[in-house]
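> Got a structure for you, start_3.cif, holding mmCIF, C-alpha atoms and all ligand atoms.
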```
data_model
loop_
_atom_site.label_atom_id
_atom_site.label_comp_id
_atom_site.auth_asym_id
_atom_site.auth_seq_id
_atom_site.Cartn_x
_atom_site.Cartn_y
_atom_site.Cartn_z
CA MET A 1 0.00 0.00 0.00
CA SER A 2 1.39 3.41 -0.92
CA ARG A 3 2.11 5.61 2.08
CA VAL A 4 2.47 9.34 2.30
CA VAL A 5 3.62 11.53 5.18
CA ASP A 6 1.72 14.81 5.24
CA LYS A 7 3.46 18.20 5.21
CA PRO A 8 3.39 20.99 7.83
CA TYR A 9 0.38 23.32 7.73
CA PHE A 10 1.94 26.31 5.99
CA THR A 11 3.93 24.41 3.35
CA HIS A 12 1.36 25.18 0.68
CA SER A 13 -0.78 28.18 1.61
CA ALA A 14 -1.18 31.83 0.76
CA TYR A 15 2.31 32.08 2.33
CA SER A 16 3.63 30.30 -0.75
CA ALA A 17 3.68 33.76 -2.32
CA PHE A 18 6.73 34.45 -0.15
CA THR A 19 8.58 31.38 -1.34
CA THR A 20 7.59 29.47 -4.45
CA GLY A 21 4.96 31.90 -5.77
CA ILE A 22 1.31 31.37 -6.62
CA GLN A 23 0.38 30.71 -10.22
CA VAL A 24 -2.53 32.76 -11.54
CA LYS A 25 -4.25 33.69 -14.79
CA CYS A 26 -3.13 37.02 -16.29
CA PRO A 27 -6.06 39.47 -16.47
CA LYS A 28 -4.76 40.85 -19.79
CA CYS A 29 -3.75 37.87 -21.91
CA HIS A 30 -5.16 34.96 -19.83
CA GLY A 31 -1.73 33.36 -19.90
CA ALA A 32 0.09 32.06 -16.85
CA GLY A 33 1.46 34.55 -14.38
CA VAL A 34 2.86 34.41 -10.89
CA VAL A 35 2.08 36.24 -7.64
CA THR A 36 4.91 36.73 -5.17
CA ALA A 37 5.22 38.83 -2.03
CA ASP A 38 7.79 40.39 0.26
CA ASP A 39 7.49 42.38 3.48
CA ASP A 40 6.07 45.46 1.78
CA ASN A 41 4.26 44.44 -1.38
CA ALA A 42 2.63 41.71 -3.36
CA TYR A 43 3.68 41.45 -7.00
CA PHE A 44 2.11 40.00 -10.11
CA ARG A 45 4.01 39.31 -13.27
CA CYS A 46 2.77 37.60 -16.38
CA LEU A 47 5.08 34.99 -17.83
CA SER A 48 3.58 35.37 -21.31
CA CYS A 49 2.83 39.07 -21.95
CA GLY A 50 5.00 40.69 -19.28
CA HIS A 51 2.12 42.57 -17.62
CA ARG A 52 3.05 43.60 -14.06
CA MET A 53 1.20 44.86 -11.00
CA THR A 54 2.24 45.76 -7.48
CA GLN A 55 -0.03 45.90 -4.48
CA ASP A 56 0.82 47.59 -1.19
CA ARG A 57 0.34 44.98 1.53
CA THR A 58 -0.54 47.57 4.13
CA VAL A 59 -4.19 47.40 5.11
CA TYR A 60 -5.78 50.75 5.88
CA ARG A 61 -8.77 51.38 8.02
CA TYR A 62 -11.01 54.31 7.11
CA ASP A 63 -13.31 55.88 9.63
CA VAL A 64 -15.04 59.03 10.71
CA HIS A 65 -14.67 59.62 14.43
CA ASN A 66 -16.10 62.65 16.12
CA GLN A 67 -18.17 63.99 18.93
CA CYS A 68 -21.82 63.93 17.97
CA LYS A 69 -23.28 67.40 17.64
CA ASN A 70 -26.67 66.12 18.69
CA CYS A 71 -26.12 63.74 21.63
CA GLY A 72 -22.59 64.73 22.60
CA ARG A 73 -21.17 61.19 22.57
CA TYR A 74 -17.96 60.21 20.85
CA TYR A 75 -18.55 57.79 18.00
CA ARG A 76 -16.58 55.98 15.32
CA VAL A 77 -18.07 54.85 12.04
CA ASP A 78 -15.95 52.55 9.84
CA ILE A 79 -16.07 53.33 6.15
CA GLU A 80 -16.00 49.98 4.40
CA ASP A 81 -17.31 51.05 1.00
CA GLU A 82 -14.14 51.45 -1.10
CA ALA A 83 -15.70 54.12 -3.29
CA LYS A 84 -16.34 56.30 -0.24
CA GLN A 85 -12.86 55.86 1.23
CA HIS A 86 -11.49 58.40 -1.22
CA TYR A 87 -13.57 61.28 0.12
CA SER A 88 -12.03 63.60 2.69
CA VAL A 89 -15.38 64.41 4.30
CA LEU A 90 -18.46 62.19 4.52
CA HIS A 91 -21.88 62.47 6.04
CA VAL A 92 -22.27 59.75 8.65
CA THR A 93 -24.99 58.73 11.07
CA CYS A 94 -24.28 58.78 14.79
CA PRO A 95 -24.66 55.17 15.98
CA TYR A 96 -26.14 56.35 19.28
CA CYS A 97 -28.81 58.87 18.33
CA GLY A 98 -29.12 58.55 14.55
CA ALA A 99 -28.26 62.18 13.79
CA THR A 100 -26.45 62.70 10.49
CA MET A 101 -23.48 65.04 10.24
CA PRO A 102 -20.36 65.60 8.15
CA GLY A 103 -17.01 64.34 9.46
CA ALA A 104 -13.42 64.06 8.23
CA VAL A 105 -12.39 60.63 6.92
CA HIS A 106 -9.33 59.33 8.75
CA LYS A 107 -6.99 56.79 7.22
CA THR A 108 -4.99 54.57 9.58
CA ALA A 109 -2.43 51.94 8.61
CA GLU A 110 -3.73 48.96 10.47
CA ALA A 111 -1.79 45.86 9.57
CA PHE A 112 -0.05 43.95 6.85
CA SER A 113 -2.29 41.79 4.79
CA TYR A 114 -1.14 38.21 4.92
CA GLY A 115 -3.95 37.05 2.72
CA ALA A 116 -4.42 34.24 5.17
CA GLU A 117 -6.61 32.04 3.05
CA ILE A 118 -7.29 31.43 -0.59
CA GLN A 119 -10.96 32.04 -1.20
CA GLY A 120 -13.09 31.28 -4.22
CA GLY A 121 -10.07 30.04 -6.19
CA LYS A 122 -8.45 33.49 -6.28
CA ASP A 123 -5.18 34.87 -4.98
CA PRO A 124 -5.62 36.96 -1.83
CA TRP A 125 -4.00 40.21 -3.02
CA PHE A 126 -5.03 40.80 -6.62
CA GLY A 127 -8.06 38.56 -6.71
CA LEU A 128 -6.74 36.83 -9.82
CA GLU A 129 -8.02 33.40 -10.72
CA LEU A 130 -5.61 30.60 -9.86
CA TRP A 131 -3.99 28.95 -12.86
CA PHE A 132 -4.65 25.45 -11.57
CA LEU A 133 -8.37 25.71 -10.96
CA THR A 134 -11.18 23.34 -11.73
CA SER A 135 -14.36 22.30 -10.02
CA PHE A 136 -15.90 19.18 -8.58
CA GLN A 137 -19.69 19.12 -8.14
CA GLY A 138 -19.76 22.91 -8.21
CA LYS A 139 -16.99 23.30 -5.63
CA PRO A 140 -13.61 24.81 -6.55
CA VAL A 141 -10.64 22.46 -6.63
CA TRP A 142 -7.33 24.22 -7.02
CA ALA A 143 -3.61 24.19 -6.49
CA LEU A 144 -1.32 27.15 -5.83
CA ASN A 145 1.43 25.96 -8.14
CA ARG A 146 2.97 22.77 -9.56
CA GLU A 147 4.55 21.75 -6.26
CA HIS A 148 1.20 22.02 -4.51
CA LEU A 149 -0.52 20.14 -7.32
CA ALA A 150 2.00 17.30 -7.00
CA TYR A 151 1.46 17.27 -3.23
CA LEU A 152 -2.32 17.02 -3.64
CA ILE A 153 -2.10 14.19 -6.13
CA GLY A 154 0.38 12.32 -3.94
CA TYR A 155 -1.63 12.85 -0.80
CA LEU A 156 -5.02 11.95 -2.22
CA SER A 157 -3.86 8.92 -4.19
CA ALA A 158 -1.92 7.33 -1.32
CA GLY A 159 -3.45 4.34 0.39
CA LEU A 160 -2.21 5.44 3.78
CA ARG A 161 -1.81 9.00 5.04
CA GLU A 162 0.27 9.89 8.08
CA LYS A 163 0.84 13.11 9.97
CA PRO A 164 4.33 14.63 9.77
CA PRO A 165 6.60 14.15 12.79
CA GLY A 166 6.43 16.82 15.48
CA ARG A 167 3.73 18.11 17.71
CA ALA A 168 1.94 20.46 15.34
CA LYS A 169 -1.77 19.83 15.51
CA MET A 170 -2.57 21.24 12.10
CA THR A 171 -1.06 19.74 8.99
CA GLN A 172 -1.22 20.55 5.33
CA ALA A 173 -4.20 18.28 4.77
CA ASP A 174 -6.23 20.38 7.21
CA HIS A 175 -6.50 22.97 4.44
CA LEU A 176 -8.42 20.51 2.33
CA PRO A 177 -12.19 20.63 2.36
CA VAL A 178 -13.86 17.41 3.46
CA PHE A 179 -15.32 16.64 0.02
CA MET A 180 -11.77 16.32 -1.35
CA LYS A 181 -10.71 13.87 1.34
CA THR A 182 -13.83 11.73 1.26
CA ALA A 183 -12.92 8.26 0.06
CA LYS A 184 -15.69 8.11 -2.54
CA ASN A 185 -14.53 11.34 -4.22
CA ARG A 186 -10.76 10.95 -4.02
CA GLU A 187 -10.25 9.00 -7.19
CA ARG A 188 -12.28 11.42 -9.33
CA ILE A 189 -10.56 14.42 -7.80
CA VAL A 190 -7.13 12.96 -8.46
CA LYS A 191 -8.20 12.57 -12.11
CA LEU A 192 -9.19 16.25 -12.27
CA LEU A 193 -5.89 17.28 -10.68
CA LYS A 194 -3.90 15.17 -13.12
CA LYS A 195 -5.69 16.94 -15.95
CA LEU A 196 -4.58 20.26 -14.47
CA GLN A 197 -1.02 18.98 -14.50
CA GLU A 198 -1.17 18.96 -18.29
CA LYS A 199 -1.68 22.76 -18.37
ZN ZN A 201 -0.35 38.33 -19.70
ZN ZN A 202 -25.44 61.23 18.53
#
```
Here is a file; write its structure as structure tokens.
Ligand SMILES: [Zn+2]
Ligand SMILES: [Zn+2]

Amino acid sequence: MSRVVDKPYFTHSAYSAFTTGIQVKCPKCHGAGVVTADDDNAYFRCLSCGHRMTQDRTVYRYDVHNQCKNCGRYYRVDIEDEAKQHYSVLHVTCPYCGATMPGAVHKTAEAFSYGAEIQGGKDPWFGLELWFLTSFQGKPVWALNREHLAYLIGYLSAGLREKPPGRAKMTQADHLPVFMKTAKNRERIVKLLKKLQEK
């Protein structure tokens, strides 16, 4: 029986952008591109047409905070609508009394975006579709890059799966949704992944 030892949790994750890179579809030519990241920025570069993008990894919080002219309480209203974040002054509603008044929009550097999880088959910084993306019964099945694809195929086709040595509770396979690990689906999912390998 083939045996596979699983990998540590962060081996293949959004953090791969800091090491091996995440393969995505170029928004211009639909060719293969790669997303990488360092301490300050995330980068996209297309391997076919040369298109490039850079994204500041700093996450800003926008809010209006003020003393309400009606009830006298201090309030803070977060501005989550991206279109509104560019205004310097906005009319907001006091969360305590409901009075509406204008207030200056403050921009605060809050944190670095680690893009903790891949969601909806897209990279966490540019929202570009992953290059190795397919679907199984309407659910996205994807790999970050060739290394990850090979890991998935190896892991899912093995007869016996073991946790890596060490005391870590979470392992790489904990990223996988249950439908991918279910015995009755594994074989068909491995087939889909092998098809992706031909890309
Ligand atoms: Zn391109
Ligand atoms: Zn008020």
> Collect all residues with atoms no farther than 9 Å from ligand ZN 201 (chain A), counting all atoms listed in the file, and output them as a list in words.
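Checking all atoms listed in the file against ligand ZN 201 (chain A) at 9 Å gives Lys25, Cys26, Pro27, Lys28, Cys29, His30, Gly31, Ala32, Gly33, Arg45, Cys46, Leu47, Ser48, Cys49, Gly50, His51 and Arg52 of chain A.
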> May I ask which of the residues A:Ser135, A:Val59, A:Gly72, A:Gln197 is the closest one to Glu147 of chain A, counting all atoms listed in the file?
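Closest candidate: A:Gln197.
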> For a quick check of understanding, using all atoms listed in the file, which of A:Glu82, A:Thr58, A:Met101, A:Phe10 has the smallest distance to ligand ZN 202 (chain A)?
A:Met101
> Give the answer as one residue: which of A:Gly154, A:Pro124, A:Gly166, A:Pro8 has the shortest atom-to-atom distance to Ala37 of chain A, using all atoms listed in the file?
A:Pro124
> Can you tell me which residues surround segment 88-92 of chain A at a distance of at most 7 Å, considering all atoms listed in the file, apart from same-chain residues fewer than 4 positions away, and format the answer as a list in words?
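My list of contacting residues is Thr100, Met101, Pro102, Gly103, Ala104 and Val105 of chain A.
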> Write out, as a tab-separated table, each residue of chain A that has an atom at most 12 Å from ligand ZN 202 (chain A), together with the closest pair of atoms and their distance in Å to one decimal, counting all atoms listed in the file, rows going by chain and rising number.

```
residue	atom	partner	partner_atom	distance
A:His65	CA	A:ZN202	ZN	11.6
A:Asn66	CA	A:ZN202	ZN	9.7
A:Gln67	CA	A:ZN202	ZN	7.8
A:Cys68	CA	A:ZN202	ZN	4.6
A:Lys69	CA	A:ZN202	ZN	6.6
A:Asn70	CA	A:ZN202	ZN	5.0
A:Cys71	CA	A:ZN202	ZN	4.0
A:Gly72	CA	A:ZN202	ZN	6.1
A:Arg73	CA	A:ZN202	ZN	5.9
A:Tyr74	CA	A:ZN202	ZN	7.9
A:Tyr75	CA	A:ZN202	ZN	7.7
A:Arg76	CA	A:ZN202	ZN	10.8
A:Val77	CA	A:ZN202	ZN	11.7
A:Val92	CA	A:ZN202	ZN	10.5
A:Thr93	CA	A:ZN202	ZN	7.9
A:Cys94	CA	A:ZN202	ZN	4.6
A:Pro95	CA	A:ZN202	ZN	6.6
A:Tyr96	CA	A:ZN202	ZN	5.0
A:Cys97	CA	A:ZN202	ZN	4.1
A:Gly98	CA	A:ZN202	ZN	6.0
A:Ala99	CA	A:ZN202	ZN	5.6
A:Thr100	CA	A:ZN202	ZN	8.2
A:Met101	CA	A:ZN202	ZN	9.3
```
> Tell me, in Å to one decimal, how far atom CA of Thr36 of chain A is from atom CA of Ile22 of chain A.
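That distance, rounded to one decimal, is 6.6 Å.
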> Interatomic distance between atom CA of Val141 of chain A and atom CA of Met180 of chain A?
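Answer for the atom CA of Val141 of chain A to atom CA of Met180 of chain A separation: 8.2 Å.
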> Using only C-alpha atoms, which of A:Lys194, A:Lys107, A:Arg57, A:Arg3 sits nearest Phe132 of chain A?
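Checking each of A:Lys194, A:Lys107, A:Arg57, A:Arg3 against Phe132 of chain A, counting only C-alpha atoms, the winner is A:Lys194.
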> In terms of the shortest atom-to-atom distance over all atoms listed in the file, which of A:Leu144, A:Gln172, A:Gln119, A:Asp81 is closest to Val24 of chain A?
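Checking each of A:Leu144, A:Gln172, A:Gln119, A:Asp81 against Val24 of chain A, counting all atoms listed in the file, the winner is A:Leu144.
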> Would you work out the distance separating atom CA of Val34 of chain A from atom CA of His175 of chain A, expressed in Å to one decimal?
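These atoms are spaced 21.3 Å apart.
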> Out of A:Lys195, A:Ser16, A:Asp63, A:Arg146, which residue has the shortest atom-to-atom distance to His86 of chain A when counting only C-alpha atoms?
A:Asp63
> Just the residues within 7 Å of Val5 of chain A, please, counting all atoms listed in the file, with nothing from its chain fewer than 4 positions along; format it as JSON, numbers by chain.
{"A": [161, 162, 163, 164]}
> For a cutoff of 12 Å around the file-coordinate point (-8.3, 7.6, -6.9), which residues qualify once you count all atoms listed in the file? I'd like the result as a short mmCIF file (atom, residue, chain, number, x, y, z; two decimals) with C-alpha atoms, keeping the file's coordinate frame.

```cif
data_model
loop_
_atom_site.label_atom_id
_atom_site.label_comp_id
_atom_site.auth_asym_id
_atom_site.auth_seq_id
_atom_site.Cartn_x
_atom_site.Cartn_y
_atom_site.Cartn_z
CA LEU A 152 -2.32 17.02 -3.64
CA ILE A 153 -2.10 14.19 -6.13
CA GLY A 154 0.38 12.32 -3.94
CA TYR A 155 -1.63 12.85 -0.80
CA LEU A 156 -5.02 11.95 -2.22
CA SER A 157 -3.86 8.92 -4.19
CA ALA A 158 -1.92 7.33 -1.32
CA GLY A 159 -3.45 4.34 0.39
CA MET A 180 -11.77 16.32 -1.35
CA LYS A 181 -10.71 13.87 1.34
CA THR A 182 -13.83 11.73 1.26
CA ALA A 183 -12.92 8.26 0.06
CA LYS A 184 -15.69 8.11 -2.54
CA ASN A 185 -14.53 11.34 -4.22
CA ARG A 186 -10.76 10.95 -4.02
CA GLU A 187 -10.25 9.00 -7.19
CA ARG A 188 -12.28 11.42 -9.33
CA ILE A 189 -10.56 14.42 -7.80
CA VAL A 190 -7.13 12.96 -8.46
CA LYS A 191 -8.20 12.57 -12.11
CA LEU A 192 -9.19 16.25 -12.27
CA LEU A 193 -5.89 17.28 -10.68
CA LYS A 194 -3.90 15.17 -13.12
#
```
